[in-house]
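Trainee: Sending over target_39.txt (compact mmCIF, C-alpha atoms).
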```txt
# COMPACT_ATOMS: atom_id res chain seq x y z
CA MET A 786 74.76 100.96 155.89
CA ASP A 787 73.32 98.07 153.95
CA PHE A 788 74.14 97.28 150.32
CA SER A 789 72.94 93.68 150.47
CA GLN A 790 70.12 94.30 147.98
CA TRP A 791 72.70 93.90 145.21
CA GLY A 792 74.25 90.72 146.59
CA GLN A 793 72.03 87.94 145.29
CA PRO A 794 73.27 86.17 142.13
CA SER A 795 71.51 87.64 139.10
CA GLN A 796 69.44 85.62 136.64
CA GLU A 797 72.04 86.44 134.02
CA TRP A 798 74.79 84.85 136.11
CA LEU A 799 72.69 81.86 137.18
CA ALA A 800 71.85 81.08 133.56
CA PHE A 801 75.50 81.36 132.59
CA ALA A 802 76.60 79.18 135.49
CA ALA A 803 74.05 76.50 134.62
CA ALA A 804 75.25 76.40 131.04
CA ASN A 805 78.94 76.48 131.95
CA SER A 806 79.23 74.36 135.08
CA VAL A 807 82.31 72.56 133.74
CA ILE A 808 84.15 75.81 133.07
CA LEU A 809 83.31 77.24 136.47
CA GLY A 810 84.31 73.99 138.14
CA ILE A 811 87.90 74.19 136.92
CA SER A 812 90.25 74.66 139.86
CA GLU A 813 94.00 74.88 140.30
CA ASP A 814 93.91 74.93 144.08
CA HIS A 815 95.96 71.73 144.16
CA LEU A 816 98.86 73.53 142.48
CA SER A 817 101.47 75.67 144.22
CA THR A 818 101.06 79.43 144.08
CA LEU A 819 104.06 79.68 141.76
CA GLN A 820 102.55 77.15 139.35
CA GLN A 821 99.18 78.93 139.42
CA GLN A 822 100.98 82.19 138.74
CA GLU A 823 102.93 80.74 135.82
CA ASN A 824 99.84 79.16 134.26
CA ALA A 825 97.66 82.24 134.61
CA ASN A 826 100.28 84.64 133.30
CA LYS A 827 100.99 82.40 130.32
CA THR A 828 97.30 82.10 129.45
CA ARG A 829 96.58 85.80 129.78
CA SER A 830 99.68 86.77 127.80
CA THR A 831 98.82 84.34 125.00
CA LEU A 832 95.29 85.72 124.75
CA ALA A 833 96.48 89.32 124.76
CA LYS A 834 99.04 88.72 122.00
CA HIS A 835 96.47 86.82 119.94
CA LEU A 836 94.05 89.72 120.11
CA VAL A 837 96.66 92.32 119.29
CA GLN A 838 97.54 90.34 116.18
CA THR A 839 94.05 89.44 115.00
CA THR A 840 92.50 92.87 115.54
CA GLY A 841 95.36 94.88 114.10
CA VAL A 842 95.52 97.19 117.08
CA GLY A 843 99.25 96.52 117.28
CA SER A 844 99.73 98.66 114.19
CA LEU A 845 97.69 101.49 115.69
CA VAL A 846 99.37 101.72 119.09
CA ALA A 847 103.11 101.97 119.75
CA THR A 848 104.51 100.45 122.92
CA GLN A 849 107.74 101.12 124.76
CA ASP A 850 109.17 99.48 127.88
CA HIS A 851 110.96 101.50 130.54
CA VAL A 852 113.05 100.15 133.40
CA VAL A 853 112.13 102.12 136.53
CA PRO A 854 114.19 102.01 139.74
CA THR A 855 112.41 101.31 143.03
CA ARG A 856 113.15 102.50 146.55
CA ASP A 857 114.66 99.15 147.58
CA GLY A 858 117.31 99.20 144.85
CA GLN A 859 115.41 96.90 142.47
CA SER A 860 113.46 97.82 139.32
CA ILE A 861 110.08 97.33 137.68
CA THR A 862 108.83 97.56 134.11
CA VAL A 863 106.61 100.44 133.05
CA ARG A 864 105.12 100.06 129.57
CA SER A 865 103.71 103.03 127.66
CA TYR A 866 101.09 102.85 124.88
CA ARG A 867 100.54 105.68 122.41
CA PRO A 868 98.23 105.90 119.34
CA VAL A 869 100.65 106.21 116.43
CA LEU A 870 98.39 108.25 114.14
CA LEU A 871 97.94 111.18 116.53
CA GLY A 872 101.42 112.56 116.03
CA PRO A 873 103.70 113.97 118.72
CA LYS A 874 101.20 116.27 120.43
CA PRO A 875 100.80 115.85 124.22
CA LEU A 876 97.94 113.52 125.13
CA PRO A 877 96.03 112.73 128.33
CA VAL A 878 97.38 109.72 130.21
CA TYR A 879 95.81 106.85 132.10
CA VAL A 880 98.24 105.44 134.66
CA TYR A 881 97.05 101.86 134.99
CA TYR A 882 97.54 99.23 137.70
CA HIS A 883 96.37 95.73 136.77
CA GLY A 884 94.41 93.29 138.91
CA GLY A 885 95.41 89.79 139.94
CA GLY A 886 95.20 89.41 143.71
CA PHE A 887 98.75 90.82 144.00
CA VAL A 888 99.83 87.46 142.50
CA PHE A 889 99.09 87.55 138.77
CA GLY A 890 100.07 89.90 135.98
CA THR A 891 102.95 90.84 133.67
CA PRO A 892 103.45 93.57 131.07
CA ASP A 893 102.25 91.13 128.40
CA THR A 894 99.06 90.09 130.21
CA GLU A 895 97.83 93.66 129.81
CA LEU A 896 99.02 94.15 126.21
CA PHE A 897 95.58 94.11 124.63
CA ASN A 898 93.73 95.82 127.48
CA CYS A 899 96.05 98.81 127.36
CA SER A 900 96.23 98.96 123.57
CA TRP A 901 92.42 98.85 123.42
CA MET A 902 92.03 101.73 125.89
CA ALA A 903 94.71 103.85 124.24
CA HIS A 904 93.12 103.43 120.82
CA ALA A 905 89.50 103.76 121.93
CA LEU A 906 90.10 106.98 123.90
CA SER A 907 92.98 108.52 121.90
CA ILE A 908 95.11 108.70 125.03
CA ILE A 909 98.41 107.42 126.34
CA VAL A 910 98.16 104.46 128.70
CA VAL A 911 101.08 103.75 131.01
CA HIS A 912 101.00 100.39 132.75
CA VAL A 913 102.97 100.16 135.98
CA CYS A 914 103.83 96.49 136.43
CA TYR A 915 104.46 96.26 140.17
CA ARG A 916 106.00 93.18 141.78
CA HIS A 917 103.86 90.31 143.05
CA THR A 918 103.62 87.72 145.77
CA PRO A 919 105.02 85.21 146.51
CA GLN A 920 108.22 86.80 145.18
CA VAL A 921 107.69 89.81 147.47
CA THR A 922 105.64 90.45 150.60
CA GLY A 923 104.43 93.35 152.71
CA LEU A 924 103.93 96.78 151.17
CA THR A 925 106.21 96.25 148.17
CA PRO A 926 103.38 96.37 145.57
CA TRP A 927 102.18 99.71 146.96
CA HIS A 928 105.71 101.12 147.08
CA ASP A 929 106.24 100.04 143.48
CA ALA A 930 103.00 101.75 142.50
CA LEU A 931 104.14 104.99 144.12
CA ASP A 932 107.62 104.79 142.60
CA GLY A 933 106.15 104.13 139.17
CA PHE A 934 103.80 107.10 139.44
CA GLU A 935 106.61 109.43 140.49
CA TRP A 936 108.73 108.27 137.57
CA ILE A 937 105.89 108.93 135.14
CA THR A 938 105.25 112.44 136.43
CA ALA A 939 108.97 113.19 136.18
CA HIS A 940 109.02 112.09 132.52
CA THR A 941 105.79 113.52 131.13
CA GLU A 942 107.57 115.46 128.38
CA ALA A 943 109.58 112.46 127.20
CA LEU A 944 106.43 110.31 127.22
CA GLY A 945 104.38 112.90 125.35
CA ILE A 946 101.94 113.34 128.22
CA ASP A 947 99.73 116.35 128.87
CA ALA A 948 100.72 116.87 132.51
CA ASN A 949 97.38 118.57 133.24
CA ARG A 950 95.41 115.47 132.28
CA ILE A 951 96.68 112.61 134.42
CA VAL A 952 94.16 109.96 135.45
CA VAL A 953 95.05 106.99 137.66
CA GLY A 954 93.13 103.76 137.91
CA GLY A 955 93.13 100.02 138.38
CA ILE A 956 91.15 96.83 138.77
CA SER A 957 90.77 94.98 142.10
CA ALA A 958 94.30 94.81 143.58
CA GLY A 959 95.14 97.61 141.16
CA GLY A 960 92.29 99.62 142.68
CA SER A 961 93.99 99.32 146.07
CA LEU A 962 97.23 100.65 144.61
CA THR A 963 95.36 103.47 142.88
CA ALA A 964 93.62 104.62 146.06
CA THR A 965 96.96 104.73 147.88
CA VAL A 966 98.70 106.63 145.07
CA VAL A 967 95.95 109.27 144.96
CA GLN A 968 95.90 109.77 148.73
CA HIS A 969 99.71 110.00 148.78
CA GLU A 970 99.54 112.64 146.05
CA MET A 971 97.00 114.63 148.06
CA ARG A 972 99.33 114.65 151.06
CA ARG A 973 102.31 115.62 148.92
CA ALA A 974 100.41 118.54 147.39
CA SER A 975 99.26 119.73 150.83
CA GLU A 976 102.70 119.46 152.41
CA THR A 977 104.51 121.19 149.56
CA GLY A 978 101.87 123.78 148.73
CA THR A 979 101.82 122.64 145.10
CA ALA A 980 99.02 121.49 142.82
CA ASN A 981 97.68 117.96 142.85
CA ARG A 982 98.97 116.31 139.67
CA ILE A 983 96.05 113.86 139.38
CA ARG A 984 92.87 114.94 137.60
CA GLY A 985 90.78 111.87 138.45
CA GLN A 986 90.79 108.22 139.43
CA VAL A 987 88.87 105.13 138.28
CA LEU A 988 88.45 102.28 140.77
CA GLY A 989 87.22 98.98 139.33
CA ILE A 990 85.99 96.37 141.85
CA PRO A 991 88.55 97.84 144.27
CA ASN A 992 90.09 96.32 147.36
CA VAL A 993 90.65 99.29 149.67
CA VAL A 994 90.49 97.67 153.14
CA HIS A 995 92.42 94.70 154.53
CA PRO A 996 89.92 91.93 155.39
CA LYS A 997 90.97 92.07 159.06
CA ALA A 998 90.26 95.81 159.19
CA PHE A 999 86.76 95.68 157.69
CA PRO A 1000 84.39 98.00 159.67
CA TYR A 1001 81.56 95.60 160.44
CA HIS A 1002 80.24 97.97 163.10
CA LEU A 1003 79.23 100.52 160.48
CA PHE A 1004 76.83 98.14 158.74
CA ALA A 1005 73.26 97.29 159.68
CA ASP A 1006 73.89 93.58 160.04
CA ARG A 1007 77.15 91.63 159.93
CA ASP A 1008 75.50 88.81 157.97
CA LYS A 1009 74.44 91.29 155.29
CA THR A 1010 77.94 92.67 154.71
CA SER A 1011 79.50 91.59 151.43
CA ILE A 1012 82.27 89.68 153.18
CA GLU A 1013 79.64 87.46 154.81
CA GLN A 1014 76.91 87.52 152.18
CA CYS A 1015 79.32 86.78 149.32
CA LYS A 1016 81.74 84.42 151.07
CA GLY A 1017 80.69 81.65 148.68
CA ALA A 1018 80.53 83.79 145.54
CA ALA A 1019 81.93 82.68 142.22
CA ILE A 1020 85.42 83.80 141.09
CA LEU A 1021 86.41 85.44 144.40
CA ASN A 1022 85.26 83.71 147.56
CA GLU A 1023 86.28 83.80 151.21
CA LYS A 1024 89.02 81.19 150.78
CA ARG A 1025 90.62 82.95 147.83
CA LEU A 1026 90.42 86.34 149.51
CA LYS A 1027 92.26 85.00 152.56
CA GLN A 1028 94.82 83.33 150.31
CA PHE A 1029 95.66 86.56 148.50
CA SER A 1030 95.93 88.68 151.64
CA GLY A 1031 97.86 85.94 153.43
CA LEU A 1032 100.52 85.81 150.73
CA LEU A 1033 101.37 89.44 151.49
CA GLY A 1034 102.42 88.37 154.99
CA ASP A 1035 101.56 89.29 158.55
CA GLU A 1036 104.24 91.90 159.23
CA VAL A 1037 102.03 94.80 158.09
CA ASP A 1038 99.32 96.20 160.33
CA PRO A 1039 95.93 95.63 158.62
CA TYR A 1040 95.00 99.18 159.63
CA ASP A 1041 98.03 100.66 157.88
CA ARG A 1042 96.72 103.34 155.51
CA THR A 1043 99.07 102.26 152.75
CA TRP A 1044 97.30 98.90 152.62
CA SER A 1045 93.87 100.09 153.80
CA ALA A 1046 93.38 103.43 152.06
CA GLY A 1047 89.64 103.12 152.60
CA LEU A 1048 90.09 103.81 156.32
CA ALA A 1049 90.94 107.47 155.68
CA GLU A 1050 88.70 109.91 157.55
CA GLU A 1051 86.24 111.96 155.51
CA GLU A 1052 88.02 115.18 156.45
CA GLU A 1053 91.24 113.82 154.95
CA LEU A 1054 89.45 113.13 151.68
CA ARG A 1055 88.24 116.66 151.03
CA GLY A 1056 89.66 118.02 147.82
CA MET A 1057 90.32 114.57 146.34
CA PRO A 1058 90.12 114.37 142.52
CA LYS A 1059 86.85 113.16 141.05
CA THR A 1060 86.47 109.41 141.39
CA ALA A 1061 84.59 106.78 139.40
CA PHE A 1062 83.69 103.35 140.76
CA LEU A 1063 82.69 100.10 139.05
CA VAL A 1064 81.39 97.66 141.67
CA SER A 1065 80.06 94.10 141.41
CA GLY A 1066 77.09 93.24 143.63
CA TRP A 1067 77.91 89.58 144.34
CA ASP A 1068 81.48 90.28 145.40
CA PRO A 1069 83.13 90.18 148.85
CA LEU A 1070 84.75 93.52 147.98
CA ARG A 1071 81.43 95.24 147.21
CA ASP A 1072 80.90 96.99 150.53
CA GLU A 1073 84.37 98.45 150.91
CA GLY A 1074 84.07 100.00 147.46
CA LEU A 1075 80.63 101.47 148.11
CA TRP A 1076 81.63 102.55 151.62
CA TYR A 1077 84.63 104.39 150.20
CA ALA A 1078 82.41 105.97 147.52
CA THR A 1079 80.01 107.14 150.25
CA LYS A 1080 82.86 108.67 152.27
CA LEU A 1081 84.12 110.54 149.22
CA LYS A 1082 80.65 111.88 148.44
CA ASN A 1083 80.22 113.02 152.05
CA ALA A 1084 83.59 114.78 151.77
CA GLY A 1085 82.34 116.76 148.77
CA VAL A 1086 84.23 114.76 146.14
CA ARG A 1087 82.60 114.32 142.74
CA THR A 1088 81.79 110.63 142.33
CA ASN A 1089 80.45 108.49 139.53
CA VAL A 1090 79.32 105.08 140.82
CA HIS A 1091 78.26 102.10 138.69
CA ILE A 1092 76.89 98.94 140.34
CA PHE A 1093 76.44 95.62 138.55
CA PRO A 1094 73.81 93.83 140.70
CA GLY A 1095 74.18 90.10 141.28
CA LEU A 1096 77.40 89.70 139.30
CA PRO A 1097 80.62 88.31 140.79
CA HIS A 1098 84.08 89.80 140.98
CA ALA A 1099 85.77 90.02 137.55
CA PHE A 1100 82.64 88.85 135.73
CA HIS A 1101 83.75 90.92 132.75
CA GLY A 1102 86.28 88.18 131.98
CA PHE A 1103 83.48 85.99 130.57
CA LEU A 1104 82.62 87.14 127.07
CA GLN A 1105 79.34 85.17 126.90
CA LEU A 1106 77.82 87.38 129.59
CA PRO A 1107 75.85 90.27 128.08
CA SER A 1108 77.15 92.42 130.93
CA HIS A 1109 80.75 92.04 129.81
CA LYS A 1110 80.03 94.55 127.05
CA ARG A 1111 78.30 96.86 129.55
CA TRP A 1112 81.43 96.75 131.72
CA ASN A 1113 83.65 97.74 128.80
CA GLU A 1114 81.39 100.59 127.77
CA THR A 1115 81.11 101.77 131.36
CA LEU A 1116 84.86 101.67 131.90
CA LEU A 1117 85.49 103.79 128.81
CA GLY A 1118 82.79 106.21 129.94
CA CYS A 1119 84.36 106.51 133.39
CA LEU A 1120 87.75 107.26 131.88
CA ARG A 1121 86.28 109.93 129.61
CA TRP A 1122 84.56 111.48 132.62
CA ALA A 1123 87.74 111.41 134.71
CA ILE A 1124 89.79 113.05 131.95
CA ALA A 1125 87.20 115.74 131.14
CA ASP A 1126 87.47 119.35 132.27
CA GLU A 1127 85.72 120.41 135.45
CA ASP A 1128 82.72 121.64 133.46
CA GLY A 1129 82.18 118.04 132.42
CA TRP A 1130 82.39 118.80 128.71
CA ILE A 1131 83.83 115.94 126.66
CA VAL A 1132 84.97 116.61 123.12
CA GLU A 1133 84.50 113.41 121.14
CA ALA A 1134 87.28 113.34 118.56
CA PRO A 1135 86.47 111.31 115.42
CA PRO A 1136 88.31 107.99 115.12
CA VAL A 1137 91.50 108.13 113.12
CA MET A 1138 90.61 104.76 111.57
CA PRO A 1139 87.60 102.42 111.64
CA SER A 1140 87.35 100.75 115.00
CA PHE A 1141 89.46 97.63 115.21
CA THR A 1142 86.76 96.05 117.34
CA GLU A 1143 84.81 95.37 114.15
CA THR A 1144 87.68 93.17 113.06
CA ALA A 1145 87.77 91.56 116.48
CA ALA A 1146 84.08 90.77 116.26
CA ALA A 1147 84.55 89.12 112.88
CA VAL A 1148 87.47 87.06 114.17
CA THR A 1149 86.23 86.17 117.65
CA ASN A 1150 82.56 87.22 117.78
CA SER A 1151 83.51 89.56 120.63
CA SER A 1152 85.25 92.86 121.37
CA GLU A 1153 86.06 91.76 124.93
CA PRO A 1154 89.44 93.24 125.92
CA VAL A 1155 90.44 90.27 128.05
CA THR A 1156 89.25 86.93 126.77
CA ALA A 1157 87.98 87.16 123.22
CA GLY A 1158 89.20 84.28 121.09
CA ALA A 1159 90.03 82.10 124.10
CA THR A 1160 89.07 78.49 124.54
CA GLU A 1161 86.48 77.71 127.19
CA SER A 1162 89.11 76.50 129.65
CA ASP A 1163 91.27 79.55 128.95
CA MET A 1164 88.34 81.81 129.76
CA ALA A 1165 87.84 80.17 133.12
CA VAL A 1166 91.50 80.53 134.04
CA SER A 1167 91.70 84.11 132.75
CA ALA A 1168 88.63 85.37 134.57
CA GLY A 1169 89.49 83.50 137.72
CA ASN A 1170 92.86 85.24 137.91
CA SER A 1171 91.98 88.77 136.77
CA LEU A 1172 91.14 89.84 140.31
```
For the file at hand, write its structure as structure tokens.

Mentor:
Amino acid sequence: MDFSQWGQPSQEWLAFAAANSVILGISEDHLSTLQQQENANKTRSTLAKHLVQTTGVGSLVATQDHVVPTRDGQSITVRSYRPVLLGPKPLPVYVYYHGGGFVFGTPDTELFNCSWMAHALSIIVVHVCYRHTPQVTGLTPWHDALDGFEWITAHTEALGIDANRIVVGGISAGGSLTATVVQHEMRRASETGTANRIRGQVLGIPNVVHPKAFPYHLFADRDKTSIEQCKGAAILNEKRLKQFSGLLGDEVDPYDRTWSAGLAEEEELRGMPKTAFLVSGWDPLRDEGLWYATKLKNAGVRTNVHIFPGLPHAFHGFLQLPSHKRWNETLLGCLRWAIADEDGWIVEAPPVMPSFTETAAAVTNSSEPVTAGATESDMAVSAGNSL
């Protein structure tokens, strides 16, 4: 395999980088992990709350927090989002796991993202806020993801969910959790002789293989693999990748399938729900995402793969990039595809109100669901920690 043709920085990114060298040069590497976590979570939460207020989406989507017990006797927060004008009828659900290198993220950092998706698609979004390093280590984030999913499927009626239309997805670290949840559900269905409860999955710039378990031998040239080719990429580079995986600790085998879901054999993947991928070309995680997509296709799984050549990990966090809008449109399209019936037909319901993004554009000159309205320094911090 060789996906290196998508790994050179694009002209779009080079132009942006030249015009924003100060922003991209901001670093918090001198701070402790806890201080970086606090700063990033505060910035992202502030931006999300600002957008909810200025766009008016807060009046269109109702939120509710649920305390969910975990297998180790602790608890996590699961926040549900429901369009208020659609009444009590059961709606499709997107079970969402956020990105952040297993370090960053809170219920409030995802407030606008989830509200935006719920409103735009007329669905319920349920955000499972798993625990993070350095507060926890090992497989705790994956266990939290599984426990959160099981709680959601046990409470579909109370949440107003159409149990036949459950889609799971996540960004970066959240993509890792998603892949594990879906494979776990496949095994559960097989072992119990019951139906798979997941209709589809959406994997955005996913991390599905531990760096120490990467299958270099399957690629044409080690130097052309994304881990090597993109080791100096913007946003997520070799140093940051090692930092994130290192914070999870050394007690877990890198080849453990809970951590490295991408190592599953093709035969094990047969019958998996349809899967959409959004992959950045100039990203150390590029090859594991495209390798996993290739394995699923070979196993007969319906796939929908979108590649953004020459753009770095989490590029969509920069609203000045023309491709940030393409990412948003693509993500919504992937979710529609994942929710749709097997015949692929998508019934486009008319909006219940004019799109709030028009208001967002007037206020912030952007409909970006992460960083619109932010200062330049805020944008750098937000994008740099939305992994």

Trainee: What does the structure give for the distance between atom CA of A:Asn898 and atom CA of A:Met971, in Å to one decimal?

Mentor: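 These atoms are spaced 28.1 Å apart.
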
Trainee: Can you pull out every residue within 10 Å of A:Thr891, counting all atoms listed in the file, but drop anything in the same chain fewer than 4 positions away, and send it as JSON, numbers by chain?

Mentor: {"A": [826, 827, 829, 830, 862, 883, 885, 895, 896, 912, 913, 914, 915, 916, 917]}

Trainee: For atom CA of A:Ala1019 and atom CA of A:Lys1110, determine how far apart the two atoms are, in Å to one decimal place.

Mentor: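 Computed distance, atom CA of A:Ala1019 to atom CA of A:Lys1110, equals 19.4 Å.
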
Trainee: If you count only C-alpha atoms, which residues fall within 8 Å of stretch 1077-1093 of chain A, apart from same-chain ones fewer than 5 positions away, as a VMD selection string?

Mentor: chain A and resid 791 993 1047 1050 to 1052 1054 to 1066 1115 1119

Trainee: In Å, rounded to a single decimal, give me how far atom CA of A:Gly985 is from atom CA of A:Phe1029.

Mentor: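 That distance, rounded to one decimal, is 27.7 Å.
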
Trainee: Nearest residue to A:Leu799 out of A:Leu1120, A:Trp1112, A:Trp1067, A:Arg1042, using only C-alpha atoms?

Mentor: A:Trp1067

Trainee: Of the residues A:Ser900, A:Gln1028, A:Lys1009, A:Tyr882, which is the one nearest to A:Asp814, using only C-alpha atoms?

Mentor: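 Checking each of A:Ser900, A:Gln1028, A:Lys1009, A:Tyr882 against A:Asp814, counting only C-alpha atoms, the winner is A:Gln1028.
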
Trainee: Return the single residue from A:Gly1031, A:Pro854, A:Gly954, A:Gly884 that is closest to A:Glu935, with distances computed using only C-alpha atoms.

Mentor: A:Pro854

Trainee: Could you put an axis-aligned box around every listed atom of stretch 1024-1037 of chain A, padded by 5 Å on each side, and send me its centre and edge lengths in Å to one decimal, as lines of an AutoDock Vina configuration file?

Mentor:
```
center_x = 96.6
center_y = 88.0
center_z = 153.5
size_x = 25.2
size_y = 23.6
size_z = 21.4
```

Trainee: With only C-alpha atoms as the atoms that count, which of A:Ala930, A:Ala939, A:Ile1020, A:Leu1003 lies nearest to A:Phe1100?

Mentor: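 Nearest to A:Phe1100: A:Ile1020.
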
Trainee: Using all atoms listed in the file, pick whichever of A:Glu1073, A:Pro877, A:Leu962, A:His1098 has the shortest atom-to-atom distance to A:Leu931.

Mentor: A:Leu962

Trainee: Calculated over all atoms listed in the file, which of the candidates A:His928, A:His1101, A:Arg984, A:His904 has the smallest distance to A:Ser860?

Mentor: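 Closest to A:Ser860, using all atoms listed in the file: A:His928.
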
Trainee: Write out as a ChimeraX atom specification each polymer residue whose atoms come within 7 Å of A:Asn992, counting all atoms listed in the file; drop sequence neighbours fewer than 2 positions from it.

Mentor: /A:957-958,960-961,990,994,1070
